[in-house]
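S.K.: Next comes structure07.tsv, TSV, C-alpha atoms:
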chain	number	residue	atom	x	y	z
P	1366	MET	CA	6.82	17.87	11.17
P	1367	ARG	CA	6.39	21.14	9.39
P	1368	LEU	CA	3.24	20.38	7.52
P	1369	GLU	CA	3.03	23.86	5.98
P	1370	TYR	CA	6.34	23.11	4.22
P	1371	PHE	CA	5.41	19.51	3.52
P	1372	GLN	CA	8.32	18.38	5.68
P	1373	LEU	CA	7.04	15.23	7.28
P	1374	ILE	CA	10.33	14.11	8.78
P	1375	ASP	CA	11.91	15.76	11.83
P	1376	ARG	CA	15.22	13.95	11.82
P	1377	ILE	CA	17.04	10.92	10.55
P	1378	VAL	CA	17.78	8.66	13.49
P	1379	ASP	CA	19.77	5.98	11.77
P	1380	LEU	CA	20.98	5.23	8.30
P	1381	LYS	CA	22.78	2.01	7.48
P	1382	LEU	CA	23.84	2.11	3.88
P	1383	ALA	CA	25.36	-1.35	3.88
P	1384	ASP	CA	22.04	-2.78	5.06
P	1385	ARG	CA	20.04	-0.38	2.87
P	1386	LYS	CA	17.95	0.71	5.87
P	1387	ILE	CA	16.91	4.01	7.39
P	1388	ALA	CA	14.97	5.14	10.45
P	1389	THR	CA	13.50	8.60	10.95
P	1390	GLU	CA	11.43	10.38	13.53
P	1391	ALA	CA	8.34	12.48	12.95
P	1392	THR	CA	6.22	14.14	15.60
P	1393	VAL	CA	2.70	15.10	14.60
P	1394	PRO	CA	2.07	18.76	15.52
P	1395	THR	CA	-0.43	19.38	18.27
P	1396	THR	CA	-2.18	22.05	16.25
P	1397	ASN	CA	-2.59	22.55	12.53
P	1398	THR	CA	-5.37	23.76	10.27
P	1399	ILE	CA	-5.46	20.31	8.69
P	1400	PHE	CA	-7.04	19.01	11.87
P	1401	GLU	CA	-9.86	21.53	11.62
P	1402	GLY	CA	-11.14	19.64	8.62
P	1403	HIS	CA	-9.78	16.16	9.27
P	1404	PHE	CA	-11.94	15.83	11.28
P	1405	PRO	CA	-13.97	18.48	13.09
P	1406	GLY	CA	-13.98	17.46	16.72
P	1407	PHE	CA	-11.86	14.37	16.06
P	1408	PRO	CA	-8.42	15.35	14.73
P	1409	LEU	CA	-6.63	12.58	12.84
P	1410	MET	CA	-3.40	12.57	10.86
P	1411	PRO	CA	-4.48	11.91	7.25
P	1412	GLY	CA	-3.35	8.60	5.81
P	1413	VAL	CA	-2.00	10.30	2.69
P	1414	LEU	CA	0.40	12.26	4.88
P	1415	LEU	CA	1.54	9.07	6.59
P	1416	ILE	CA	2.33	7.73	3.13
P	1417	GLU	CA	4.23	10.94	2.42
P	1418	ALA	CA	6.25	10.43	5.62
P	1419	MET	CA	7.18	6.94	4.42
P	1420	ALA	CA	7.97	8.32	0.94
P	1421	GLN	CA	10.22	11.05	2.33
P	1422	THR	CA	12.00	8.54	4.54
P	1423	SER	CA	12.47	6.20	1.58
P	1424	GLY	CA	13.63	9.14	-0.52
P	1425	TRP	CA	16.38	10.06	1.92
P	1426	LEU	CA	17.55	6.47	1.88
P	1427	VAL	CA	17.68	6.32	-1.92
P	1428	VAL	CA	19.37	9.72	-2.18
P	1429	ALA	CA	21.97	8.64	0.39
P	1430	VAL	CA	22.58	5.31	-1.36
P	1431	ASN	CA	23.20	7.34	-4.51
P	1432	GLN	CA	25.57	9.62	-2.57
P	1433	PHE	CA	23.43	12.69	-3.22
P	1434	GLU	CA	24.06	12.43	-6.96
P	1435	ARG	CA	20.52	11.38	-7.86
P	1436	MET	CA	17.03	12.25	-6.69
P	1437	ALA	CA	14.11	9.98	-5.81
P	1438	PHE	CA	10.55	10.74	-6.90
P	1439	LEU	CA	7.53	8.82	-5.66
P	1440	ALA	CA	6.02	6.80	-8.51
P	1441	ALA	CA	3.75	4.17	-6.98
P	1442	VAL	CA	2.28	3.09	-3.65
P	1443	LYS	CA	1.21	-0.50	-3.14
P	1444	ASP	CA	-0.31	-2.53	-0.37
P	1445	ALA	CA	-0.78	0.48	1.90
P	1446	LYS	CA	-2.44	-0.39	5.19
P	1447	PHE	CA	-3.47	1.91	8.02
P	1448	ARG	CA	-3.80	-0.03	11.22
P	1449	MET	CA	-4.36	2.58	13.92
P	1450	PHE	CA	-5.41	6.21	14.25
P	1451	VAL	CA	-2.63	8.78	14.49
P	1452	THR	CA	-3.52	11.91	16.42
P	1453	PRO	CA	-1.85	15.28	17.18
P	1454	GLY	CA	1.26	14.96	19.35
P	1455	HIS	CA	2.06	11.40	18.43
P	1456	LYS	CA	5.79	10.73	18.03
P	1457	LEU	CA	6.23	8.38	15.11
P	1458	SER	CA	9.13	6.14	14.13
P	1459	VAL	CA	9.38	5.73	10.37
P	1460	GLN	CA	11.44	2.94	8.85
P	1461	ALA	CA	12.31	1.98	5.30
P	1462	SER	CA	14.30	-0.78	3.66
P	1463	LEU	CA	15.50	-0.76	0.10
P	1464	ILE	CA	14.37	-4.08	-1.30
P	1465	HIS	CA	15.39	-3.55	-4.92
P	1466	GLU	CA	17.67	-1.18	-6.79
P	1467	GLY	CA	16.68	-1.22	-10.43
P	1468	SER	CA	17.91	0.83	-13.35
P	1469	GLY	CA	16.30	4.21	-12.80
P	1470	TYR	CA	13.98	3.06	-10.05
P	1471	ALA	CA	13.97	1.68	-6.53
P	1472	ILE	CA	11.50	-0.31	-4.46
P	1473	THR	CA	11.25	0.20	-0.72
P	1474	ARG	CA	9.22	-1.38	2.03
P	1475	ALA	CA	8.30	1.24	4.61
P	1476	SER	CA	6.45	1.29	7.90
P	1477	ILE	CA	5.50	3.63	10.74
P	1478	LEU	CA	5.52	2.60	14.38
P	1479	LEU	CA	4.04	4.25	17.44
P	1480	ASP	CA	5.48	3.04	20.73
P	1481	GLY	CA	6.72	-0.03	18.90
P	1482	LYS	CA	3.32	-0.87	17.46
P	1483	PRO	CA	2.77	-0.88	13.68
P	1484	ILE	CA	0.65	2.01	12.48
P	1485	CYS	CA	0.89	1.66	8.73
P	1486	ASP	CA	3.05	0.15	6.02
P	1487	ALA	CA	3.37	0.14	2.26
P	1488	THR	CA	5.58	-0.83	-0.64
P	1489	LEU	CA	6.80	2.20	-2.55
P	1490	THR	CA	8.26	2.60	-6.02
P	1491	LEU	CA	10.50	5.60	-6.58
P	1492	ARG	CA	11.94	6.79	-9.84
P	1493	VAL	CA	15.65	7.53	-9.45
P	1494	LEU	CA	16.72	10.31	-11.76
P	1495	ASP	CA	19.48	12.83	-12.14
P	1496	PHE	CA	18.65	16.04	-10.32
P	1497	PRO	CA	16.61	18.12	-12.76
P	1498	ASN	CA	18.70	21.19	-12.01
P	1499	ALA	CA	21.63	22.35	-9.92
P	1500	GLU	CA	19.46	24.32	-7.52
P	1501	MET	CA	17.49	21.29	-6.44
P	1502	LYS	CA	20.65	19.28	-5.86
P	1503	LEU	CA	22.06	22.11	-3.76
P	1504	ARG	CA	18.85	22.48	-1.78
P	1505	MET	CA	18.75	18.77	-0.99
P	1506	ARG	CA	22.30	18.87	0.32
P	1507	GLU	CA	21.45	21.97	2.33
P	1508	ALA	CA	18.40	20.24	3.77
P	1509	ALA	CA	20.62	17.39	4.92
P	1510	ASP	CA	23.09	19.86	6.40
P	1511	THR	CA	20.61	22.11	8.18
P	1512	SER	CA	19.64	22.00	11.80
P	1513	ARG	CA	16.71	19.83	10.85
P	1514	PHE	CA	19.28	17.09	10.44
P	1515	SER	CA	21.71	18.63	12.85
P	1516	GLY	CA	25.00	17.25	14.01
P	1517	ARG	CA	27.25	16.21	11.17
P	1518	GLY	CA	25.50	17.15	7.97
P	1519	ALA	CA	24.89	14.54	5.32
P	1520	GLY	CA	26.60	16.50	2.57
P	1521	GLN	CA	29.71	17.08	4.64
P	1522	TRP	CA	29.74	13.53	5.87
P	1523	LEU	CA	29.35	12.10	2.38
P	1524	SER	CA	32.19	14.27	1.14
P	1525	GLU	CA	34.43	12.96	3.88
P	1526	HIS	CA	33.46	9.34	3.51
P	1527	ALA	CA	32.71	8.88	-0.18
P	1528	GLY	CA	33.86	5.48	-1.32
P	1529	ARG	CA	33.58	3.90	2.11
P	1530	LEU	CA	29.83	4.02	2.41
P	1531	ASP	CA	29.23	0.40	1.61
P	1532	HIS	CA	31.51	-0.90	4.31
P	1533	ARG	CA	29.95	0.53	7.42
P	1534	GLY	CA	26.78	1.75	8.94
P	1535	TRP	CA	25.90	5.40	8.89
P	1536	ASN	CA	24.63	7.09	11.99
P	1537	CYS	CA	25.67	10.67	11.45
P	1538	PHE	CA	22.34	12.32	12.10
P	1539	VAL	CA	21.73	13.13	15.72
P	1540	SER	CA	19.09	14.95	17.64
P	1541	ARG	CA	18.68	18.60	17.17
H	1135	MET	CA	11.17	-25.36	-17.80
H	1136	SER	CA	9.48	-22.38	-19.38
H	1137	SER	CA	11.23	-20.25	-21.97
H	1138	THR	CA	12.36	-16.72	-21.33
H	1139	PHE	CA	9.49	-15.46	-23.48
H	1140	ASP	CA	6.92	-17.48	-21.52
H	1141	THR	CA	8.23	-16.11	-18.25
H	1142	ILE	CA	8.04	-12.55	-19.56
H	1143	ALA	CA	4.60	-13.05	-21.04
H	1144	ASN	CA	3.30	-14.46	-17.76
H	1145	ILE	CA	4.78	-11.51	-15.86
H	1146	ILE	CA	3.14	-9.03	-18.24
H	1147	ALA	CA	-0.19	-10.81	-18.10
H	1148	GLU	CA	-0.21	-10.81	-14.31
H	1149	THR	CA	1.24	-7.35	-13.80
H	1150	CYS	CA	-0.82	-5.49	-16.40
H	1151	ASP	CA	-3.95	-7.64	-16.47
H	1152	ILE	CA	-3.51	-8.40	-20.16
H	1153	PRO	CA	-4.89	-11.73	-21.47
H	1154	ARG	CA	-1.98	-14.14	-21.75
H	1155	ASP	CA	-3.02	-15.43	-25.17
H	1156	SER	CA	-2.82	-11.91	-26.63
H	1157	ILE	CA	0.86	-11.62	-25.75
H	1158	LYS	CA	2.98	-12.84	-28.66
H	1159	PRO	CA	6.72	-12.94	-29.30
H	1160	GLU	CA	6.24	-10.27	-31.97
H	1161	SER	CA	4.21	-8.02	-29.63
H	1162	HIS	CA	5.67	-4.60	-28.92
H	1163	ALA	CA	5.23	-3.91	-25.23
H	1164	ILE	CA	4.43	-0.24	-25.76
H	1165	ASN	CA	2.83	-0.04	-29.20
H	1166	ASP	CA	0.88	-3.30	-29.20
H	1167	LEU	CA	0.22	-4.03	-25.53
H	1168	GLY	CA	-0.18	-0.41	-24.38
H	1169	ILE	CA	2.20	-0.75	-21.46
H	1170	ASP	CA	3.32	2.63	-20.15
H	1171	SER	CA	6.59	3.49	-18.44
H	1172	LEU	CA	5.21	3.16	-14.91
H	1173	ASP	CA	3.75	-0.27	-15.58
H	1174	PHE	CA	7.01	-1.25	-17.19
H	1175	LEU	CA	8.79	-0.54	-13.89
H	1176	ASP	CA	6.65	-3.26	-12.30
H	1177	ILE	CA	7.52	-5.59	-15.16
H	1178	ALA	CA	11.21	-4.73	-14.88
H	1179	PHE	CA	11.11	-5.41	-11.13
H	1180	ALA	CA	9.52	-8.81	-11.71
H	1181	ILE	CA	11.99	-9.65	-14.50
H	1182	ASP	CA	14.95	-8.55	-12.35
H	1183	LYS	CA	13.75	-10.86	-9.59
H	1184	ALA	CA	12.86	-13.79	-11.85
H	1185	PHE	CA	16.18	-13.81	-13.70
H	1186	GLY	CA	18.51	-12.36	-11.06
H	1187	ILE	CA	19.58	-9.54	-13.34
H	1188	LYS	CA	19.21	-5.78	-13.59
H	1189	LEU	CA	17.57	-4.69	-16.82
H	1190	PRO	CA	19.57	-1.66	-18.03
H	1191	LEU	CA	16.47	0.43	-18.68
H	1192	GLU	CA	18.28	3.74	-18.41
H	1193	GLN	CA	20.93	2.68	-20.91
H	1194	TRP	CA	18.30	1.43	-23.35
H	1195	THR	CA	16.27	4.62	-23.02
H	1196	GLN	CA	19.38	6.70	-23.64
H	1197	GLU	CA	20.25	4.68	-26.74
H	1198	VAL	CA	16.74	5.15	-28.14
H	1199	ASN	CA	16.77	8.88	-27.34
H	1200	ASP	CA	20.16	9.24	-29.01
H	1201	GLY	CA	18.95	7.43	-32.13
H	1202	LYS	CA	21.43	4.59	-31.59
H	1203	ALA	CA	18.69	2.00	-31.18
H	1204	THR	CA	15.00	1.58	-31.89
H	1205	THR	CA	12.36	0.69	-29.32
H	1206	ASP	CA	11.80	-2.53	-31.31
H	1207	GLN	CA	15.22	-3.76	-30.25
H	1208	TYR	CA	14.26	-3.73	-26.58
H	1209	PHE	CA	10.48	-3.76	-26.38
H	1210	VAL	CA	9.42	-6.32	-28.98
H	1211	LEU	CA	9.13	-9.30	-26.67
H	1212	GLU	CA	11.21	-11.75	-28.67
H	1213	ASN	CA	13.99	-9.15	-28.72
H	1214	LEU	CA	13.52	-8.42	-25.03
H	1215	SER	CA	13.81	-12.16	-24.38
H	1216	ALA	CA	17.09	-12.25	-26.32
H	1217	ARG	CA	18.45	-9.28	-24.34
H	1218	ILE	CA	17.52	-11.02	-21.09
H	1219	ASP	CA	19.21	-14.23	-22.21
H	1220	GLU	CA	22.33	-12.20	-22.95
H	1221	LEU	CA	22.24	-10.58	-19.51
H	1222	VAL	CA	21.77	-13.95	-17.81
H	1223	ALA	CA	24.65	-15.43	-19.83
H	1224	ALA	CA	26.88	-12.46	-19.00
H	1225	LYS	CA	26.08	-12.84	-15.33
H	1226	GLY	CA	27.07	-16.51	-15.38
H	1227	ALA	CA	30.25	-15.94	-17.36
Have the structure of the file written as structure tokens, please.

M.R.:
Amino acid sequence: MRLEYFQLIDRIVDLKLADRKIATEATVPTTNTIFEGHFPGFPLMPGVLLIEAMAQTSGWLVVAVNQFERMAFLAAVKDAKFRMFVTPGHKLSVQASLIHEGSGYAITRASILLDGKPICDATLTLRVLDFPNAEMKLRMREAADTSRFSGRGAGQWLSEHAGRLDHRGWNCFVSR
Amino acid sequence: MSSTFDTIANIIAETCDIPRDSIKPESHAINDLGIDSLDFLDIAFAIDKAFGIKLPLEQWTQEVNDGKATTDQYFVLENLSARIDELVAAKGA
């Protein structure tokens, strides 16, 4: 995680477009000013940031399903539950499934696991819109292509495999 | 078997906490019932699931923005019911 840049996801571990599922990894930093206030003497990862991690994971799934032609914006969070404390250094597994693709919106069910145990989960609504400008679209593709998602970049991969995405799983993101 | 309108009205009542008896076929979802676009996403999701369709919200919005349609055509509930019936019929054709 790079909390100062609001990047909650370290890497995409698996993306299966045919199944409409994604898995990402996110390691909570060992130090950050957030933990000085939340809470003094008892650092905890804020629940709102865990929701953001699930939203970013869901967003990558929706953007990928839309072949990087449309952007996802968080619109609603429902049934959010926080089951365990998350503390600095924890390595989290974030998962999301696309449960409905509407016209201009998507619904995902997302969860975070720690050592296989459920930490939190929620149902998220995302608005799916055209990119508001060319720069944002470019930056999103760059983000997928950067070392943060190293290996074969999403933009490159999508260019190579456009049209075949629904017929196979997608596991192009590998460890950095 | 309940009518399309009844199904929609029940969805709206449950989703938006609006008294069921205040929801009429001539009610305009936005102007009369005060449903905003975010709440309408919940309604659309429930309608999509209930009828096994995909409400073309983006197309409708574009038509209204382009002046090719009025909001009454899609958001007055009796008209919305008719549009849903059309979508269901088209799906089964």

S.K.: Have a look at H:Ile1142, H:Ser1161, H:Lys1183, H:Pro1153 and name the one nearest to chain P; count all atoms listed in the file.

M.R.: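 Distance minimum relative to chain P lands on H:Lys1183.
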
S.K.: For a quick check of understanding, using only C-alpha atoms, which of P:Asp1495, P:Glu1500, P:Asp1379, P:Glu1434 has the smallest distance to chain H?

M.R.: P:Asp1495

S.K.: Show which residues sit within 8 Å of region 1464-1471 of chain P, as a list in words. Count only C-alpha atoms, and ignore same-chain residues fewer than 4 positions away.

M.R.: Arg1385, Val1427, Thr1490, Leu1491, Arg1492, Val1493 and Leu1494 of chain P; Leu1175, Ala1178, Phe1179, Asp1182, Lys1188, Leu1189, Pro1190, Leu1191 and Glu1192 of chain H

S.K.: Choose the residue, out of H:Glu1148, H:Asp1166, H:Asp1176, H:Glu1160, that has the smallest atom-to-atom separation from Val1210 (chain H); count only C-alpha atoms.

M.R.: H:Glu1160

S.K.: With all atoms listed in the file as the atoms that count, which of P:Leu1368, P:Ala1440, P:Met1505, P:Leu1463 lies nearest to Ala1383 (chain P)?

M.R.: P:Leu1463

S.K.: Pick from P:Arg1506, P:Ala1487, P:Val1442, P:Ile1399: nearest to chain H, with only C-alpha atoms counted?

M.R.: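 For chain H, the nearest of the candidates is P:Val1442.
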
S.K.: If we count all atoms listed in the file, what is near Gly1186 (chain H) at a cut-off of 10 Å, once residues fewer than 6 positions away on the same chain are taken out, given as number ranges by chain?

M.R.: H: 1180, 1221-1222, 1225
